[in-house]
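Data block for work.cif (mmCIF, C-alpha atoms (C1' of nucleotides)):
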```cif
data_my_file
loop_
_atom_site.label_atom_id
_atom_site.label_comp_id
_atom_site.auth_asym_id
_atom_site.auth_seq_id
_atom_site.Cartn_x
_atom_site.Cartn_y
_atom_site.Cartn_z
CA MET A 1 -51.38 2.99 -71.13
CA ALA A 2 -48.48 2.00 -68.98
CA ARG A 3 -44.81 2.15 -68.40
CA PRO A 4 -42.81 1.91 -71.62
CA ARG A 5 -39.98 -0.56 -72.16
CA GLU A 6 -36.66 0.93 -71.15
CA PHE A 7 -34.57 -0.93 -73.72
CA ASN A 8 -34.74 -1.11 -77.48
CA THR A 9 -35.94 -4.54 -78.61
CA GLU A 10 -33.94 -4.49 -81.82
CA ASP A 11 -30.74 -3.52 -80.07
CA ALA A 12 -31.25 -6.24 -77.50
CA LEU A 13 -31.82 -8.79 -80.25
CA THR A 14 -28.62 -7.73 -81.95
CA ALA A 15 -26.74 -8.00 -78.68
CA ALA A 16 -28.19 -11.47 -78.11
CA MET A 17 -27.07 -12.45 -81.60
CA HIS A 18 -23.49 -11.57 -80.78
CA VAL A 19 -23.61 -13.61 -77.56
CA PHE A 20 -25.04 -16.65 -79.38
CA TRP A 21 -22.58 -16.12 -82.19
CA GLU A 22 -19.62 -16.28 -79.86
CA LYS A 23 -20.77 -19.01 -77.50
CA GLY A 24 -23.20 -21.10 -79.49
CA TYR A 25 -26.75 -21.89 -78.49
CA GLU A 26 -26.30 -24.20 -75.52
CA ASP A 27 -23.19 -22.62 -74.10
CA ALA A 28 -24.75 -19.18 -73.98
CA SER A 29 -26.24 -19.10 -70.49
CA LEU A 30 -28.98 -16.78 -69.35
CA PRO A 31 -26.48 -14.71 -67.33
CA ASP A 32 -24.33 -14.44 -70.47
CA LEU A 33 -27.27 -13.21 -72.49
CA LEU A 34 -28.56 -10.85 -69.81
CA ASP A 35 -25.11 -9.36 -69.43
CA GLY A 36 -24.64 -8.93 -73.17
CA MET A 37 -28.11 -7.55 -73.71
CA ALA A 38 -27.92 -5.33 -70.62
CA ILE A 39 -31.39 -6.28 -69.46
CA THR A 40 -32.71 -8.42 -66.61
CA ARG A 41 -34.26 -11.85 -66.50
CA GLY A 42 -37.81 -10.57 -66.15
CA SER A 43 -37.42 -8.25 -69.12
CA LEU A 44 -36.03 -11.02 -71.32
CA TYR A 45 -38.85 -13.45 -70.65
CA LYS A 46 -41.44 -10.68 -71.02
CA ALA A 47 -40.07 -9.60 -74.36
CA PHE A 48 -38.79 -12.86 -75.88
CA THR A 49 -40.76 -15.69 -74.22
CA ASP A 50 -37.77 -17.96 -73.52
CA LYS A 51 -34.23 -18.79 -74.57
CA ARG A 52 -35.19 -20.96 -77.52
CA THR A 53 -37.66 -18.42 -78.91
CA LEU A 54 -35.02 -15.75 -78.50
CA PHE A 55 -32.60 -17.86 -80.49
CA LEU A 56 -35.11 -18.37 -83.28
CA LYS A 57 -35.58 -14.60 -83.52
CA VAL A 58 -31.82 -14.16 -83.41
CA MET A 59 -31.45 -16.48 -86.39
CA THR A 60 -33.69 -14.32 -88.56
CA ARG A 61 -31.62 -11.39 -87.38
CA TYR A 62 -28.48 -13.23 -88.42
CA GLU A 63 -30.07 -13.89 -91.75
CA GLN A 64 -30.60 -10.19 -92.29
CA GLN A 65 -27.24 -9.13 -90.94
CA ALA A 66 -24.95 -11.83 -92.33
CA VAL A 67 -26.58 -14.16 -94.84
CA ILE A 68 -28.43 -11.63 -96.96
CA PRO A 69 -25.36 -9.37 -97.28
CA ALA A 70 -23.27 -12.38 -98.26
CA VAL A 71 -25.77 -13.41 -100.90
CA GLY A 72 -25.93 -9.76 -101.90
CA LEU A 73 -22.21 -9.76 -102.53
CA LEU A 74 -22.52 -12.91 -104.62
CA THR A 75 -25.19 -11.30 -106.77
CA ASP A 76 -23.69 -7.83 -106.90
CA ASN A 77 -23.33 -6.68 -110.48
CA ALA A 78 -20.79 -4.08 -109.36
CA ILE A 79 -18.35 -6.99 -109.57
CA PRO A 80 -18.89 -8.05 -113.18
CA ASP A 81 -17.47 -11.56 -113.02
CA GLY A 82 -19.23 -13.92 -110.60
CA LEU A 83 -16.06 -15.81 -109.79
CA ASP A 84 -14.56 -12.57 -108.48
CA ARG A 85 -17.61 -12.20 -106.22
CA ILE A 86 -17.04 -15.68 -104.81
CA GLU A 87 -13.40 -14.90 -104.21
CA ALA A 88 -14.36 -11.60 -102.58
CA LEU A 89 -16.69 -13.40 -100.19
CA PHE A 90 -14.11 -16.01 -99.24
CA ARG A 91 -11.38 -13.43 -98.83
CA SER A 92 -13.63 -11.34 -96.61
CA VAL A 93 -14.11 -14.38 -94.38
CA VAL A 94 -10.36 -14.77 -94.15
CA ARG A 95 -9.98 -11.08 -93.39
CA THR A 96 -12.48 -11.41 -90.54
CA VAL A 97 -10.36 -14.13 -89.00
CA ARG A 98 -7.17 -12.15 -89.53
CA ASP A 99 -8.81 -9.25 -87.68
CA GLY A 100 -9.21 -11.51 -84.67
CA ASP A 101 -12.81 -12.64 -85.01
CA THR A 102 -12.75 -16.38 -84.41
CA ARG A 103 -16.50 -16.78 -83.92
CA GLY A 104 -17.07 -18.38 -87.28
CA CYS A 105 -20.66 -18.57 -88.42
CA LEU A 106 -23.64 -18.72 -86.11
CA MET A 107 -25.55 -21.21 -88.23
CA CYS A 108 -22.51 -23.45 -88.73
CA THR A 109 -21.91 -23.61 -84.99
CA ALA A 110 -25.56 -24.35 -84.40
CA ALA A 111 -25.36 -27.01 -87.08
CA ALA A 112 -22.53 -28.82 -85.32
CA GLY A 113 -23.90 -28.67 -81.80
CA PRO A 114 -26.84 -30.31 -80.06
CA ALA A 115 -29.12 -27.57 -81.37
CA SER A 116 -29.01 -29.39 -84.68
CA GLU A 117 -31.38 -31.97 -83.22
CA ASP A 118 -34.03 -29.30 -82.81
CA LEU A 119 -36.04 -29.67 -86.01
CA GLU A 120 -37.15 -26.06 -86.21
CA ILE A 121 -33.62 -24.81 -85.72
CA SER A 122 -32.08 -27.22 -88.20
CA ASP A 123 -34.75 -26.30 -90.74
CA ILE A 124 -33.76 -22.66 -90.47
CA VAL A 125 -30.09 -23.59 -90.79
CA GLN A 126 -30.86 -25.57 -93.92
CA ASN A 127 -32.79 -22.64 -95.30
CA LEU A 128 -29.89 -20.27 -94.72
CA LEU A 129 -27.47 -22.72 -96.31
CA ASP A 130 -29.81 -23.01 -99.28
CA GLN A 131 -29.72 -19.25 -99.64
CA MET A 132 -25.94 -19.39 -99.69
CA LYS A 133 -26.07 -22.11 -102.29
CA ALA A 134 -28.42 -20.06 -104.46
CA GLY A 135 -26.01 -17.15 -104.13
CA PHE A 136 -23.08 -19.24 -105.27
CA ASP A 137 -25.18 -20.55 -108.14
CA ALA A 138 -26.08 -17.05 -109.24
CA ALA A 139 -22.46 -15.97 -109.04
CA LEU A 140 -21.35 -18.91 -111.18
CA ALA A 141 -24.04 -18.09 -113.71
CA ALA A 142 -22.65 -14.58 -113.85
CA SER A 143 -19.14 -15.79 -114.55
CA GLY A 144 -17.85 -15.83 -118.07
CA ASP A 145 -15.99 -19.03 -117.32
CA PHE A 146 -19.17 -20.87 -116.39
CA ALA A 147 -21.77 -19.23 -118.58
CA SER A 148 -21.93 -22.18 -120.92
CA VAL A 149 -22.10 -24.80 -118.19
CA THR A 150 -25.28 -26.77 -117.53
CA ALA A 151 -27.52 -25.97 -114.57
CA GLU A 152 -26.76 -29.38 -113.10
CA THR A 153 -23.04 -28.77 -113.15
CA ARG A 154 -23.59 -25.39 -111.54
CA ALA A 155 -25.60 -27.08 -108.80
CA LEU A 156 -22.74 -29.47 -108.10
CA LEU A 157 -20.29 -26.61 -107.88
CA SER A 158 -22.63 -24.66 -105.60
CA ASP A 159 -22.83 -27.58 -103.21
CA MET A 160 -19.05 -27.74 -103.22
CA LEU A 161 -18.76 -24.03 -102.47
CA VAL A 162 -21.24 -24.22 -99.59
CA THR A 163 -19.23 -27.09 -98.16
CA HIS A 164 -16.05 -25.07 -98.45
CA TYR A 165 -17.72 -22.11 -96.78
CA VAL A 166 -18.93 -24.21 -93.85
CA GLY A 167 -15.52 -25.82 -93.55
CA MET A 168 -13.82 -22.43 -93.34
CA ARG A 169 -16.24 -21.22 -90.71
CA THR A 170 -15.83 -24.37 -88.65
CA LEU A 171 -12.04 -24.30 -88.87
CA THR A 172 -12.15 -20.71 -87.74
CA ARG A 173 -13.49 -21.83 -84.38
CA ALA A 174 -10.74 -24.45 -84.18
CA HIS A 175 -8.14 -21.68 -84.24
CA THR A 176 -6.91 -22.57 -87.68
CA THR A 177 -4.75 -19.71 -88.91
CA ALA A 178 -5.98 -17.18 -91.39
CA ASP A 179 -3.08 -18.18 -93.63
CA GLN A 180 -4.31 -21.76 -93.88
CA LEU A 181 -7.83 -20.62 -94.69
CA ASP A 182 -6.43 -18.25 -97.26
CA SER A 183 -4.49 -21.09 -98.87
CA GLY A 184 -7.65 -23.07 -99.32
CA VAL A 185 -9.35 -20.10 -100.91
CA THR A 186 -6.46 -19.54 -103.27
CA ALA A 187 -6.58 -23.18 -104.30
CA ILE A 188 -10.31 -23.40 -104.93
CA ILE A 189 -10.42 -20.13 -106.85
CA ALA A 190 -7.46 -21.16 -108.95
CA LEU A 191 -9.12 -24.49 -109.73
CA LEU A 192 -12.32 -22.76 -110.78
CA LYS A 193 -10.44 -20.32 -113.00
CA ALA A 194 -8.29 -23.01 -114.54
CA ARG A 195 -11.31 -25.05 -115.44
CA ALA A 196 -12.65 -22.66 -118.06
CA MET B 197 -2.47 -57.91 -54.72
CA ALA B 198 -6.09 -56.99 -54.85
CA ARG B 199 -9.35 -57.21 -56.68
CA PRO B 200 -8.97 -56.97 -60.43
CA ARG B 201 -10.98 -54.58 -62.60
CA GLU B 202 -14.20 -56.12 -63.87
CA PHE B 203 -14.34 -54.20 -67.15
CA ASN B 204 -11.93 -53.92 -70.04
CA THR B 205 -10.34 -50.49 -70.14
CA GLU B 206 -9.91 -50.47 -73.90
CA ASP B 207 -13.52 -51.47 -74.54
CA ALA B 208 -14.73 -48.80 -72.14
CA LEU B 209 -12.61 -46.21 -73.92
CA THR B 210 -14.06 -47.24 -77.25
CA ALA B 211 -17.58 -47.02 -75.84
CA ALA B 212 -16.82 -43.55 -74.46
CA MET B 213 -15.54 -42.53 -77.86
CA HIS B 214 -18.86 -43.40 -79.44
CA VAL B 215 -20.78 -41.42 -76.82
CA PHE B 216 -18.57 -38.35 -77.32
CA TRP B 217 -18.76 -38.82 -81.06
CA GLU B 218 -22.51 -38.70 -81.08
CA LYS B 219 -23.11 -36.03 -78.46
CA GLY B 220 -19.97 -33.89 -78.49
CA TYR B 221 -17.81 -33.13 -75.50
CA GLU B 222 -20.03 -30.87 -73.41
CA ASP B 223 -23.34 -32.48 -74.25
CA ALA B 224 -22.15 -35.93 -73.23
CA SER B 225 -23.13 -36.04 -69.57
CA LEU B 226 -21.66 -38.38 -66.98
CA PRO B 227 -24.85 -40.50 -66.97
CA ASP B 228 -24.60 -40.72 -70.78
CA LEU B 229 -21.02 -41.91 -70.55
CA LEU B 230 -21.64 -44.32 -67.67
CA ASP B 231 -24.56 -45.81 -69.53
CA GLY B 232 -22.63 -46.18 -72.77
CA MET B 233 -19.55 -47.55 -71.08
CA ALA B 234 -21.57 -49.82 -68.79
CA ILE B 235 -19.57 -48.90 -65.71
CA THR B 236 -20.31 -46.82 -62.62
CA ARG B 237 -19.23 -43.41 -61.51
CA GLY B 238 -16.66 -44.70 -59.11
CA SER B 239 -15.07 -46.90 -61.71
CA LEU B 240 -14.86 -44.12 -64.25
CA TYR B 241 -13.09 -41.70 -61.93
CA LYS B 242 -10.78 -44.44 -60.67
CA ALA B 243 -9.78 -45.48 -64.15
CA PHE B 244 -9.87 -42.21 -66.11
CA THR B 245 -9.39 -39.41 -63.53
CA ASP B 246 -12.18 -37.16 -64.80
CA LYS B 247 -14.32 -36.32 -67.81
CA ARG B 248 -11.78 -34.09 -69.50
CA THR B 249 -8.95 -36.61 -69.11
CA LEU B 250 -11.26 -39.29 -70.46
CA PHE B 251 -11.95 -37.14 -73.49
CA LEU B 252 -8.26 -36.58 -74.12
CA LYS B 253 -7.70 -40.35 -74.09
CA VAL B 254 -10.72 -40.79 -76.33
CA MET B 255 -9.19 -38.42 -78.86
CA THR B 256 -6.07 -40.53 -79.22
CA ARG B 257 -8.39 -43.49 -79.61
CA TYR B 258 -10.24 -41.62 -82.34
CA GLU B 259 -6.92 -40.90 -83.97
CA GLN B 260 -6.16 -44.60 -84.14
CA GLN B 261 -9.61 -45.66 -85.17
CA ALA B 262 -10.56 -42.92 -87.64
CA VAL B 263 -7.74 -40.56 -88.57
CA ILE B 264 -4.96 -43.06 -89.13
CA PRO B 265 -7.14 -45.29 -91.33
CA ALA B 266 -8.21 -42.25 -93.33
CA VAL B 267 -4.60 -41.20 -93.84
CA GLY B 268 -3.84 -44.82 -94.59
CA LEU B 269 -6.36 -44.79 -97.38
CA LEU B 270 -4.85 -41.61 -98.78
CA THR B 271 -1.41 -43.19 -98.84
CA ASP B 272 -2.48 -46.64 -99.93
CA ASN B 273 -0.54 -47.72 -102.98
CA ALA B 274 -3.22 -50.32 -103.75
CA ILE B 275 -5.00 -47.41 -105.37
CA PRO B 276 -2.36 -46.27 -107.82
CA ASP B 277 -3.60 -42.75 -108.51
CA GLY B 278 -3.71 -40.45 -105.48
CA LEU B 279 -6.73 -38.57 -106.79
CA ASP B 280 -8.68 -41.81 -106.74
CA ARG B 281 -7.71 -42.25 -103.10
CA ILE B 282 -9.04 -38.79 -102.28
CA GLU B 283 -12.26 -39.55 -104.08
CA ALA B 284 -12.51 -42.90 -102.27
CA LEU B 285 -12.16 -41.16 -98.90
CA PHE B 286 -14.78 -38.55 -99.72
CA ARG B 287 -17.18 -41.12 -101.14
CA SER B 288 -16.79 -43.25 -98.04
CA VAL B 289 -17.79 -40.27 -95.93
CA VAL B 290 -20.89 -39.86 -98.09
CA ARG B 291 -21.65 -43.56 -97.78
CA THR B 292 -21.44 -43.31 -94.00
CA VAL B 293 -24.08 -40.59 -94.05
CA ARG B 294 -26.22 -42.54 -96.48
CA ASP B 295 -26.08 -45.49 -94.08
CA GLY B 296 -27.64 -43.31 -91.43
CA ASP B 297 -24.62 -42.19 -89.44
CA THR B 298 -25.06 -38.45 -88.90
CA ARG B 299 -22.44 -38.09 -86.19
CA GLY B 300 -19.92 -36.45 -88.46
CA CYS B 301 -16.40 -36.24 -87.11
CA LEU B 302 -15.49 -36.14 -83.44
CA MET B 303 -12.69 -33.63 -83.88
CA CYS B 304 -14.78 -31.37 -86.13
CA THR B 305 -17.58 -31.27 -83.56
CA ALA B 306 -15.09 -30.57 -80.82
CA ALA B 307 -13.61 -27.86 -83.00
CA ALA B 308 -16.92 -26.06 -83.36
CA GLY B 309 -18.04 -26.28 -79.74
CA PRO B 310 -16.82 -24.69 -76.53
CA ALA B 311 -14.20 -27.43 -76.18
CA SER B 312 -12.24 -25.52 -78.83
CA GLU B 313 -11.30 -23.00 -76.16
CA ASP B 314 -9.45 -25.68 -74.25
CA LEU B 315 -5.90 -25.26 -75.50
CA GLU B 316 -4.87 -28.89 -75.03
CA ILE B 317 -7.95 -30.13 -76.86
CA SER B 318 -7.63 -27.65 -79.71
CA ASP B 319 -3.97 -28.53 -80.07
CA ILE B 320 -4.88 -32.19 -80.54
CA VAL B 321 -7.56 -31.23 -83.04
CA GLN B 322 -5.03 -29.20 -84.98
CA ASN B 323 -2.64 -32.11 -84.92
CA LEU B 324 -5.26 -34.47 -86.31
CA LEU B 325 -6.19 -31.97 -89.01
CA ASP B 326 -2.52 -31.64 -89.88
CA GLN B 327 -2.32 -35.41 -90.30
CA MET B 328 -5.26 -35.25 -92.68
CA LYS B 329 -3.56 -32.47 -94.57
CA ALA B 330 -0.37 -34.49 -94.85
CA GLY B 331 -2.44 -37.40 -96.14
CA PHE B 332 -4.04 -35.27 -98.82
CA ASP B 333 -0.64 -33.90 -99.74
CA ALA B 334 0.78 -37.39 -100.11
CA ALA B 335 -2.17 -38.44 -102.24
CA LEU B 336 -1.75 -35.47 -104.53
CA ALA B 337 1.94 -36.24 -104.86
CA ALA B 338 0.97 -39.74 -105.92
CA SER B 339 -1.37 -38.50 -108.60
CA GLY B 340 -0.21 -38.38 -112.16
CA ASP B 341 -2.13 -35.19 -112.65
CA PHE B 342 -0.23 -33.37 -109.93
CA ALA B 343 3.17 -35.00 -110.06
CA SER B 344 4.72 -31.99 -111.72
CA VAL B 345 3.15 -29.45 -109.44
CA THR B 346 5.22 -27.49 -106.90
CA ALA B 347 5.16 -28.39 -103.22
CA GLU B 348 3.65 -25.00 -102.47
CA THR B 349 0.77 -25.57 -104.84
CA ARG B 350 0.20 -29.00 -103.31
CA ALA B 351 0.08 -27.38 -99.88
CA LEU B 352 -2.60 -24.97 -101.06
CA LEU B 353 -4.66 -27.82 -102.46
CA SER B 354 -4.23 -29.83 -99.27
CA ASP B 355 -5.57 -26.97 -97.20
CA MET B 356 -8.52 -26.78 -99.55
CA LEU B 357 -9.22 -30.50 -99.21
CA VAL B 358 -9.04 -30.37 -95.41
CA THR B 359 -11.52 -27.51 -95.48
CA HIS B 360 -13.82 -29.50 -97.72
CA TYR B 361 -13.54 -32.51 -95.43
CA VAL B 362 -14.41 -30.48 -92.34
CA GLY B 363 -17.29 -28.86 -94.21
CA MET B 364 -18.73 -32.23 -95.14
CA ARG B 365 -18.47 -33.51 -91.59
CA THR B 366 -20.08 -30.40 -90.18
CA LEU B 367 -22.91 -30.43 -92.71
CA THR B 368 -23.50 -34.05 -91.82
CA ARG B 369 -24.55 -33.01 -88.33
CA ALA B 370 -26.84 -30.37 -89.82
CA HIS B 371 -28.82 -33.11 -91.55
CA THR B 372 -27.66 -32.15 -95.00
CA THR B 373 -28.57 -34.99 -97.35
CA ALA B 374 -26.04 -37.49 -98.59
CA ASP B 375 -26.94 -36.41 -102.12
CA GLN B 376 -25.85 -32.85 -101.48
CA LEU B 377 -22.59 -33.98 -99.96
CA ASP B 378 -22.07 -36.29 -102.90
CA SER B 379 -22.61 -33.41 -105.29
CA GLY B 380 -19.87 -31.44 -103.65
CA VAL B 381 -17.52 -34.40 -103.90
CA THR B 382 -18.33 -34.89 -107.56
CA ALA B 383 -17.62 -31.23 -108.20
CA ILE B 384 -14.30 -31.01 -106.40
CA ILE B 385 -13.00 -34.25 -107.89
CA ALA B 386 -14.04 -33.15 -111.36
CA LEU B 387 -12.27 -29.84 -110.87
CA LEU B 388 -9.10 -31.56 -109.75
CA LYS B 389 -9.18 -33.94 -112.69
CA ALA B 390 -9.93 -31.21 -115.20
CA ARG B 391 -7.00 -29.20 -113.99
CA ALA B 392 -4.39 -31.58 -115.28
"C1'" DA C 393 -53.98 13.49 -57.74
"C1'" DT C 394 -55.24 8.88 -58.55
"C1'" DA C 395 -56.00 4.52 -60.77
"C1'" DA C 396 -54.35 1.30 -64.11
"C1'" DT C 397 -50.76 -1.01 -66.09
"C1'" DT C 398 -46.32 -2.79 -67.16
"C1'" DC C 399 -41.88 -2.36 -66.17
"C1'" DG C 400 -37.11 -3.89 -63.91
"C1'" DG C 401 -35.08 -6.58 -60.36
"C1'" DA C 402 -34.38 -10.19 -57.22
"C1'" DA C 403 -35.57 -14.25 -54.84
"C1'" DC C 404 -36.71 -18.71 -55.67
"C1'" DT C 405 -37.76 -23.66 -57.92
"C1'" DG C 406 -36.64 -28.09 -59.49
"C1'" DA C 407 -33.46 -30.32 -62.39
"C1'" DT C 408 -28.99 -31.44 -63.79
"C1'" DC C 409 -24.19 -30.74 -64.02
"C1'" DG C 410 -19.26 -32.71 -62.79
"C1'" DG C 411 -16.99 -34.41 -58.97
"C1'" DT C 412 -16.20 -36.57 -54.12
"C1'" DA C 413 -16.76 -39.45 -50.00
"C1'" DC C 414 -17.80 -43.46 -48.17
"C1'" DC C 415 -18.78 -48.38 -47.86
"C1'" DA C 416 -19.56 -53.21 -48.48
"C1'" DA C 417 -18.02 -56.84 -51.56
"C1'" DA C 418 -14.50 -59.23 -53.86
"C1'" DA C 419 -10.07 -61.04 -54.73
"C1'" DG C 420 -5.02 -61.98 -54.05
"C1'" DG C 421 -0.96 -62.81 -50.83
"C1'" DA C 422 0.76 -64.70 -46.70
"C1'" DT D 423 -7.72 -68.23 -42.60
"C1'" DC D 424 -6.93 -63.50 -42.20
"C1'" DC D 425 -5.32 -59.09 -43.79
"C1'" DT D 426 -4.63 -55.78 -47.35
"C1'" DT D 427 -6.06 -53.59 -51.34
"C1'" DT D 428 -9.01 -52.09 -54.97
"C1'" DT D 429 -13.08 -52.72 -56.87
"C1'" DG D 430 -18.24 -51.39 -58.01
"C1'" DG D 431 -22.09 -48.86 -56.20
"C1'" DT D 432 -24.51 -45.19 -53.90
"C1'" DA D 433 -25.36 -41.15 -51.55
"C1'" DC D 434 -24.14 -36.79 -51.47
"C1'" DC D 435 -21.77 -32.11 -52.57
"C1'" DG D 436 -21.81 -27.23 -54.31
"C1'" DA D 437 -22.50 -24.97 -58.60
"C1'" DT D 438 -25.15 -23.83 -62.34
"C1'" DC D 439 -28.81 -24.38 -65.52
"C1'" DA D 440 -33.48 -22.50 -67.60
"C1'" DG D 441 -37.57 -20.85 -66.08
"C1'" DT D 442 -41.23 -18.76 -62.62
"C1'" DT D 443 -43.09 -15.81 -59.26
"C1'" DC D 444 -43.59 -11.88 -56.86
"C1'" DC D 445 -43.20 -7.06 -55.66
"C1'" DG D 446 -41.83 -2.26 -55.56
"C1'" DA D 447 -41.04 1.40 -58.96
"C1'" DA D 448 -42.14 3.96 -62.82
"C1'" DT D 449 -45.09 5.90 -66.21
"C1'" DT D 450 -49.33 7.01 -68.65
"C1'" DA D 451 -54.35 8.02 -68.89
"C1'" DT D 452 -58.07 9.91 -66.59
#
```

Translate the structure of the given file into structure tokens.
Amino acid sequence: MARPREFNTEDALTAAMHVFWEKGYEDASLPDLLDGMAITRGSLYKAFTDKRTLFLKVMTRYEQQAVIPAVGLLTDNAIPDGLDRIEALFRSVVRTVRDGDTRGCLMCTAAAGPASEDLEISDIVQNLLDQMKAGFDAALAASGDFASVTAETRALLSDMLVTHYVGMRTLTRAHTTADQLDSGVTAIIALLKARA
Amino acid sequence: MARPREFNTEDALTAAMHVFWEKGYEDASLPDLLDGMAITRGSLYKAFTDKRTLFLKVMTRYEQQAVIPAVGLLTDNAIPDGLDRIEALFRSVVRTVRDGDTRGCLMCTAAAGPASEDLEISDIVQNLLDQMKAGFDAALAASGDFASVTAETRALLSDMLVTHYVGMRTLTRAHTTADQLDSGVTAIIALLKARA
DNA sequence: ATAATTCGGAACTGATCGGTACCAAAAGGA
DNA sequence: TCCTTTTGGTACCGATCAGTTCCGAATTAT
């Protein structure tokens, strides 16, 4: 039919995700995105409609690349005790920071900024957070220490763990040290283990 | 000598604080600030140098108006047990959300946004977070349940509580319901009490 | 080869940003 | 009363924003 696209749409979307991840929705300018994606203005608008639509697509990409793996870790039977899965997730977040990645979490940054007033965006954020909560819930259910606990209690604890997760990710952007984040993880895991 | 200022500097600073609190540093435009402060461009630059300087002054105002009272609550001997003080602080945050205030925390929003890359701003944020941490630490020390605990353990728990606080404030902006935040509070307080 | 089609690239639009220059009005000191 | 000083207000500045338009170049189908 006609001239084929010179760039790979999926790769460009991934590149856009990293730009949004680092800068946040509003602070990522078109030049930032075009530079990161290595395409031009015309190509971006042809392929992704506009900046907001691009961001919506990027969020589903983030879901696949970050949220689903995290939930996967929380539900991974290779780690028999669910509490160990939770600790593994939190420690991996700390490790990310220690390796120099201070970007935090794309959805948490979007949640804090003006983008949170966009209903469609905030709905997606809520959905991703709900997935995280379900993951924590599943992990708790798979923990010997919490097997006998009621579903309501597990729900309370899941909300607490989501809050802790978001707090870590937000503090990451504030240049809080990995050591401080690690301390918080140590404390919350110890509390959960002591509870049994 | 000459014509006196027609507006009250302190009131204007407080008004600016509320604008920044709601919109965040970058998303609060000059027109937003001028409107909220009820002064004109010329007056603002005469009195506060520029937007960034205004924000720095606003942060010390926020410290006086929000952080110090919060730390005050955590160290208030009128509530004999420190754990009850921590719960009171967290519940008051939930109540704020339930009353319709979804602005969260000025320093947490600044921490998540691009302002976090401004070293002077992020240093102030860190300082305020450290004050919160010290408050939590003091509250734990004043709790019968944790009186016998080592200072190191208390430090770990304080980091955890700061993280939880920041998480709550961030989730607030993401339109998380007051009920969900309350669940997290119930869980973390229960865990702390059960530990004893 | 040629026609059809869609690409990449750049120039451009209107709006908004933070910040500055300038001015008339107002108030105090002499 | 007159002069000095600082105010509040407005017009303006260059830069940047997201988004549009247009055109030559490239590629496929015929």

Residues of chain A within 9 Å of chain C, counting only C-alpha atoms (C1' of nucleotides) - could you list those as a PyMOL selection string? chain A and resi 1-6+39-43

Atom pair CA of Ser288 in chain B + CA of Ala351 in chain B, distance 23.2 Å

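The set of residues that the PyMOL selection byres ((chain D) within 12 of (chain A)) takes from this file is DT438, DC439, DA440, DG441, DT442, DT443, DC444, DA447, DA448, DT449, DT450, DA451 and DT452 of chain D.
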
Proximal residues of chain B relative to chain A (only C-alpha atoms; 8 Å) as number ranges by chain: B: 219-220, 223, 304-305, 307-310, 312, 318, 321-322, 349, 351-357, 359-364, 366-367, 369-372, 376-377, 379-384, 387-388, 390-391

State, in Å with one decimal place, the distance from CA of Ser339 in chain B to CA of Leu269 in chain B. 13.8 Å

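Interatomic distance, CA of Met255 in chain B against CA of Ala234 in chain B: 19.6 Å.
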
Might you pull out every residue within 10 Å of Leu83 in chain A, with only C-alpha atoms (C1' of nucleotides) counted and same-chain residues fewer than 6 positions away left off, and present them as a PyMOL selection string? chain A and resi 74+89+136+139-146+189+192-193

Centre and edge lengths, as lines of an AutoDock Vina configuration file, for the axis-aligned box enclosing every listed atom of range 395-398 of chain C with 6 Å of padding on each of the six sides, in Å to one decimal?
```
center_x = -51.2
center_y = 0.9
center_z = -64.0
size_x = 21.7
size_y = 19.3
size_z = 18.4
```

Would you list the residues near (-9.9, -52.8, -70.2) (no more than 12 Å away, in the coordinates of the file, using all atoms listed in the file) as a PyMOL selection string? chain B and resi 200-211+233+235+239-240+243-244
